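Novice: Have a look at this one before I ask anything.
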Amino acid sequence: MTIQKKTVAVFGGTGNQGSAVVRSLLLNKQNTFDVRVITRDINSSIAKDLLSLGAKTVCADARDHDQLAAAFTGAWAAFINSNSDHHGADDELHLPNVFDFDTAVLKAAKAMGVAHVIYSSGANVYRATKGRVSLAGFDCKSYAEEYARSEEMFDTFTAVLPASFMECWTAEPFCETWGGFPLLPKENGELLLAVPPYGGDGRMPWVSVQDDFGDIVHGILLDPVRYDKKRVQAISSLIRFEDLAHAFTRGMYLFKAIEHPLILRSATGTLVKFQPLSSWADVPQDGSDLRRECSLMFFYMEFCGGRWFAEYPSDDTAARECKEAAARARGCLETNPIAFEDWFKRNFKGHISSQK
Ligand SMILES: NC(=O)c1ccc[n+]([C@@H]2O[C@H](COP(=O)([O-])OP(=O)(O)OC[C@H]3O[C@@H](n4cnc5c(N)ncnc54)[C@H](OP(=O)(O)O)[C@@H]3O)[C@@H](O)[C@H]2O)c1
């Protein structure tokens, strides 16, 4: 008997989140899913890579309803993510924004009868801070999520809320904002990690997009009814910044760090110095949107009592459950999300040893 495969259309399938979902679904040992990548450019290198792994690729632009409708035709489920980080300037306020784009995509999926939708959403920072801070990249997604919920557009609808990406620690501008850790040592070889208070118990949620995000969405797709109307927080690790510095040191040198009050010294003499800043307002500014957003994020997270997800406390229960289900479906023995120590080990070993 041939088993009918379920088609999953991935809007944003060439992006960080979307491609992780595509890769995880393609590794399902039961061959449960046909995976369709929606992209504006089927000839990009990433689209070709995903094609070579077994995905199908279709061309559609969110601004073109007919293309979108064709891209969703016959799909059983959809994962939808857009990049909301680059929003328009004041003189572009009249143009469509992320809410408009994402609701257009959601409407096209509904029009084509897609039954199960997983939408990559964001926290509503504006509401959580009682109007003090608006981060359009997050707020717009939360409004699009609310739109889909209120309209009851699909048989099942699940919002997935990504934690902060672990991968940010491989981007120089991000690392520079926090003192250089872990990419950019000072002249004396010291790595500095300088961050404002997070609030609550200090444990901030992080997700490895490469290792876990795709599996978490895959896990939801294995049982969409179970996660209907839920918000699944995509989390690999909940960790305090002091412990992040420890995890780096352990990951790099595989030895027990000799701890001074706030300094972790490695066997090779490299230092990771953790320096708590006293306030979100102390994040050094250079006129860039990145730094301004970073300080506002620390304002809202502390204001909300230590909550990356603003209105909601961090909870990795569903993420762990989904990760386990997907890892099993991929035939993996390791079913836990990745720990920072292992993540640093994999991503920084070569980098650090070359600096000695
Ligand atoms: N960085 C973090 O720590 C963090 C944490 C939580 C949430 N987030 C959120 O994550 C989001 C970014 O996700 P990501 O990194 O996966 O994004 P990404 O890599 O930039 O991917 C964006 C995708 O959207 C597609 N796309 C863009 N415009 C399109 C259009 N007009 N029509 C059709 N497709 C279009 C792109 O496809 P093509 O180019 O192939 O067409 C691409 O696949 C942001 O909203 C951010 O707020 C980030």
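Starting from 1 in every chain, residues are counted up; chains themselves are A, B, ... following the order of the structure tokens, and ligands are numbered from 1 as listed.
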Find the nearest atom pair between each residue of chain A and ligand 1 for residues within 9 Å, count only C-alpha atoms and all ligand atoms, give distances in Å to one decimal, sort rows by chain and ascending number, and present the table as JSON lines.

Specialist:
```
{"residue": "A:Val10", "atom": "CA", "partner": "ligand 1", "partner_atom_place_in_ligand_line": "43 (O)", "distance": 8.8}
{"residue": "A:Phe11", "atom": "CA", "partner": "ligand 1", "partner_atom_place_in_ligand_line": "34 (N)", "distance": 6.4}
{"residue": "A:Gly12", "atom": "CA", "partner": "ligand 1", "partner_atom_place_in_ligand_line": "43 (O)", "distance": 3.3}
{"residue": "A:Gly13", "atom": "CA", "partner": "ligand 1", "partner_atom_place_in_ligand_line": "43 (O)", "distance": 4.8}
{"residue": "A:Thr14", "atom": "CA", "partner": "ligand 1", "partner_atom_place_in_ligand_line": "43 (O)", "distance": 3.8}
{"residue": "A:Gly15", "atom": "CA", "partner": "ligand 1", "partner_atom_place_in_ligand_line": "19 (O)", "distance": 3.2}
{"residue": "A:Asn16", "atom": "CA", "partner": "ligand 1", "partner_atom_place_in_ligand_line": "16 (O)", "distance": 3.6}
{"residue": "A:Gln17", "atom": "CA", "partner": "ligand 1", "partner_atom_place_in_ligand_line": "16 (O)", "distance": 3.8}
{"residue": "A:Gly18", "atom": "CA", "partner": "ligand 1", "partner_atom_place_in_ligand_line": "16 (O)", "distance": 5.8}
{"residue": "A:Ser19", "atom": "CA", "partner": "ligand 1", "partner_atom_place_in_ligand_line": "43 (O)", "distance": 7.6}
{"residue": "A:Ala20", "atom": "CA", "partner": "ligand 1", "partner_atom_place_in_ligand_line": "16 (O)", "distance": 8.6}
{"residue": "A:Val37", "atom": "CA", "partner": "ligand 1", "partner_atom_place_in_ligand_line": "43 (O)", "distance": 8.6}
{"residue": "A:Ile38", "atom": "CA", "partner": "ligand 1", "partner_atom_place_in_ligand_line": "34 (N)", "distance": 6.8}
{"residue": "A:Thr39", "atom": "CA", "partner": "ligand 1", "partner_atom_place_in_ligand_line": "41 (O)", "distance": 3.9}
{"residue": "A:Arg40", "atom": "CA", "partner": "ligand 1", "partner_atom_place_in_ligand_line": "41 (O)", "distance": 3.6}
{"residue": "A:Asp41", "atom": "CA", "partner": "ligand 1", "partner_atom_place_in_ligand_line": "40 (O)", "distance": 5.5}
{"residue": "A:Ile42", "atom": "CA", "partner": "ligand 1", "partner_atom_place_in_ligand_line": "40 (O)", "distance": 7.3}
{"residue": "A:Ser44", "atom": "CA", "partner": "ligand 1", "partner_atom_place_in_ligand_line": "40 (O)", "distance": 7.2}
{"residue": "A:Ile46", "atom": "CA", "partner": "ligand 1", "partner_atom_place_in_ligand_line": "40 (O)", "distance": 8.0}
{"residue": "A:Ala47", "atom": "CA", "partner": "ligand 1", "partner_atom_place_in_ligand_line": "40 (O)", "distance": 7.1}
{"residue": "A:Cys59", "atom": "CA", "partner": "ligand 1", "partner_atom_place_in_ligand_line": "41 (O)", "distance": 8.0}
{"residue": "A:Ala60", "atom": "CA", "partner": "ligand 1", "partner_atom_place_in_ligand_line": "33 (C)", "distance": 5.8}
{"residue": "A:Asp61", "atom": "CA", "partner": "ligand 1", "partner_atom_place_in_ligand_line": "32 (N)", "distance": 3.6}
{"residue": "A:Ala62", "atom": "CA", "partner": "ligand 1", "partner_atom_place_in_ligand_line": "32 (N)", "distance": 3.8}
{"residue": "A:Arg63", "atom": "CA", "partner": "ligand 1", "partner_atom_place_in_ligand_line": "31 (N)", "distance": 5.9}
{"residue": "A:Asp64", "atom": "CA", "partner": "ligand 1", "partner_atom_place_in_ligand_line": "32 (N)", "distance": 8.2}
{"residue": "A:Leu68", "atom": "CA", "partner": "ligand 1", "partner_atom_place_in_ligand_line": "33 (C)", "distance": 8.4}
{"residue": "A:Ile80", "atom": "CA", "partner": "ligand 1", "partner_atom_place_in_ligand_line": "24 (O)", "distance": 8.8}
{"residue": "A:Asn81", "atom": "CA", "partner": "ligand 1", "partner_atom_place_in_ligand_line": "24 (O)", "distance": 6.4}
{"residue": "A:Ser82", "atom": "CA", "partner": "ligand 1", "partner_atom_place_in_ligand_line": "24 (O)", "distance": 4.4}
{"residue": "A:Asn83", "atom": "CA", "partner": "ligand 1", "partner_atom_place_in_ligand_line": "45 (O)", "distance": 3.8}
{"residue": "A:Ser84", "atom": "CA", "partner": "ligand 1", "partner_atom_place_in_ligand_line": "45 (O)", "distance": 3.6}
{"residue": "A:Asp85", "atom": "CA", "partner": "ligand 1", "partner_atom_place_in_ligand_line": "47 (O)", "distance": 5.0}
{"residue": "A:His86", "atom": "CA", "partner": "ligand 1", "partner_atom_place_in_ligand_line": "45 (O)", "distance": 8.3}
{"residue": "A:Val98", "atom": "CA", "partner": "ligand 1", "partner_atom_place_in_ligand_line": "45 (O)", "distance": 8.7}
{"residue": "A:Phe101", "atom": "CA", "partner": "ligand 1", "partner_atom_place_in_ligand_line": "31 (N)", "distance": 7.7}
{"residue": "A:Val105", "atom": "CA", "partner": "ligand 1", "partner_atom_place_in_ligand_line": "33 (C)", "distance": 8.9}
{"residue": "A:Ser120", "atom": "CA", "partner": "ligand 1", "partner_atom_place_in_ligand_line": "10 (O)", "distance": 7.8}
{"residue": "A:Ser121", "atom": "CA", "partner": "ligand 1", "partner_atom_place_in_ligand_line": "7 (C)", "distance": 7.7}
{"residue": "A:Gly122", "atom": "CA", "partner": "ligand 1", "partner_atom_place_in_ligand_line": "7 (C)", "distance": 6.6}
{"residue": "A:Ala136", "atom": "CA", "partner": "ligand 1", "partner_atom_place_in_ligand_line": "47 (O)", "distance": 8.8}
{"residue": "A:Gly137", "atom": "CA", "partner": "ligand 1", "partner_atom_place_in_ligand_line": "47 (O)", "distance": 5.1}
{"residue": "A:Phe138", "atom": "CA", "partner": "ligand 1", "partner_atom_place_in_ligand_line": "47 (O)", "distance": 5.8}
{"residue": "A:Lys141", "atom": "CA", "partner": "ligand 1", "partner_atom_place_in_ligand_line": "45 (O)", "distance": 7.7}
{"residue": "A:Leu161", "atom": "CA", "partner": "ligand 1", "partner_atom_place_in_ligand_line": "6 (C)", "distance": 7.0}
{"residue": "A:Pro162", "atom": "CA", "partner": "ligand 1", "partner_atom_place_in_ligand_line": "6 (C)", "distance": 4.6}
{"residue": "A:Ala163", "atom": "CA", "partner": "ligand 1", "partner_atom_place_in_ligand_line": "6 (C)", "distance": 5.2}
{"residue": "A:Ser164", "atom": "CA", "partner": "ligand 1", "partner_atom_place_in_ligand_line": "3 (O)", "distance": 3.7}
{"residue": "A:Phe165", "atom": "CA", "partner": "ligand 1", "partner_atom_place_in_ligand_line": "3 (O)", "distance": 3.8}
{"residue": "A:Met166", "atom": "CA", "partner": "ligand 1", "partner_atom_place_in_ligand_line": "3 (O)", "distance": 7.1}
{"residue": "A:Glu167", "atom": "CA", "partner": "ligand 1", "partner_atom_place_in_ligand_line": "3 (O)", "distance": 7.5}
{"residue": "A:Cys168", "atom": "CA", "partner": "ligand 1", "partner_atom_place_in_ligand_line": "3 (O)", "distance": 6.1}
{"residue": "A:Trp206", "atom": "CA", "partner": "ligand 1", "partner_atom_place_in_ligand_line": "3 (O)", "distance": 7.9}
{"residue": "A:Val207", "atom": "CA", "partner": "ligand 1", "partner_atom_place_in_ligand_line": "3 (O)", "distance": 8.2}
{"residue": "A:Val209", "atom": "CA", "partner": "ligand 1", "partner_atom_place_in_ligand_line": "16 (O)", "distance": 8.5}
```

Novice: Among range 154-296 of chain A, which residues does DSSP mark as strand (DSSP E) when it is run on the backbone? Keep the chain and numbering as in the structure and answer as an MDAnalysis selection string.

Specialist: chainID A and resid 156:162 164:165 191:195 204:207 231:234 237:239 258:259 263:265 271:276

Novice: Among range 36-176 of chain A, which ones does DSSP place in helix (DSSP H, G or I), written as number ranges by chain?

Specialist: A: 45-53, 65-72, 90-92, 98-111, 125-128, 136-151, 166-170, 172-176

Novice: Determine the nearest neighbour of Trp76 in chain A from the options A:Met204, A:Met153, A:Leu221, A:Ala318, counting only C-alpha atoms.

Specialist: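 Using only C-alpha atoms, Trp76 in chain A sits closest to A:Leu221.
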
Novice: Closest to Phe181 in chain A among A:Leu193, A:Val114, A:Ala329, A:Cys322, using only C-alpha atoms?

Specialist: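 With only C-alpha atoms as the atom set, the closest residue is A:Leu193.
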
Novice: With only C-alpha atoms as the counted atoms, please give the residues lying no more than 8 Å from range 229-240 of chain A, apart from itself and same-chain residues fewer than 4 positions off, as a PyMOL selection string.

Specialist: chain A and resi 149+156-163+201-208+212-213+216+244+314-316+318-320+337-340

Novice: Within 8 Å of range 300-303 of chain A, counting only C-alpha atoms, which residues qualify if same-chain residues fewer than 6 places away don't, as a list in words?

Specialist: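 Contacts, in chain order: Val125, Ala128, Thr129, Val133, Pro197, Tyr198, Gly199, Gly200, Phe309 and Ala310 of chain A.
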
Novice: I'd like the interatomic distance between CA of Phe79 in chain A and CA of Ala9 in chain A, to a tenth of an Å.

Specialist: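 CA of Phe79 in chain A sits 6.4 Å away from CA of Ala9 in chain A.
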
Novice: For Phe248 in chain A, work out the shell of residues within 8 Å, counting only C-alpha atoms and skipping chain neighbours fewer than 6 positions away, then give it as a list of chain:residue names.

Specialist: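 So, after excluding close chain neighbours, the residues are A:Pro182, A:Phe340, A:Glu341, A:Phe344, A:Lys345.
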
Novice: Please save N, CA and C atoms of the selected residues as a PDB file, in the first residue's frame.

Specialist:
```pdb
ATOM      1  N   PRO A 182      31.800  36.125  21.868  1.00  0.00           N
ATOM      2  CA  PRO A 182      32.991  35.285  22.027  1.00  0.00           C
ATOM      3  C   PRO A 182      33.919  35.377  20.813  1.00  0.00           C
ATOM      4  N   PHE A 340      24.562  24.903  25.191  1.00  0.00           N
ATOM      5  CA  PHE A 340      25.476  25.945  24.705  1.00  0.00           C
ATOM      6  C   PHE A 340      26.918  25.446  24.656  1.00  0.00           C
ATOM      7  N   GLU A 341      27.299  24.665  25.661  1.00  0.00           N
ATOM      8  CA  GLU A 341      28.682  24.166  25.704  1.00  0.00           C
ATOM      9  C   GLU A 341      29.030  23.434  24.397  1.00  0.00           C
ATOM     10  N   PHE A 344      29.048  25.907  21.382  1.00  0.00           N
ATOM     11  CA  PHE A 344      30.294  26.678  21.307  1.00  0.00           C
ATOM     12  C   PHE A 344      31.434  25.788  20.808  1.00  0.00           C
ATOM     13  N   LYS A 345      31.462  24.559  21.334  1.00  0.00           N
ATOM     14  CA  LYS A 345      32.532  23.637  20.956  1.00  0.00           C
ATOM     15  C   LYS A 345      32.551  23.483  19.425  1.00  0.00           C
TER      16      LYS A 345
END
```

Novice: Would you mind listing what lies within 8 Å of Leu222 in chain A as number ranges by chain, with only C-alpha atoms counted and same-chain residues fewer than 3 positions away left out?

Specialist: A: 218-219, 325-326

Novice: Please produce a file of those selected residues containing C-alpha atoms, as a PDB file, in the first residue's frame.

Specialist:
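The resulting selection14.pdb:
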```pdb
ATOM      1  CA  HIS A 218       8.726  19.159  12.585  1.00  0.00           C
ATOM      2  CA  GLY A 219       7.482  17.894  15.983  1.00  0.00           C
ATOM      3  CA  ALA A 325       9.382  13.499  18.607  1.00  0.00           C
ATOM      4  CA  ALA A 326      11.172  14.905  15.557  1.00  0.00           C
TER       5      ALA A 326
END
```

Novice: If you measure from CA of Leu192 in chain A to CA of Lys349 in chain A, what distance in Å do you get, rounded to one decimal?

Specialist: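 Interatomic distance here is 17.7 Å.
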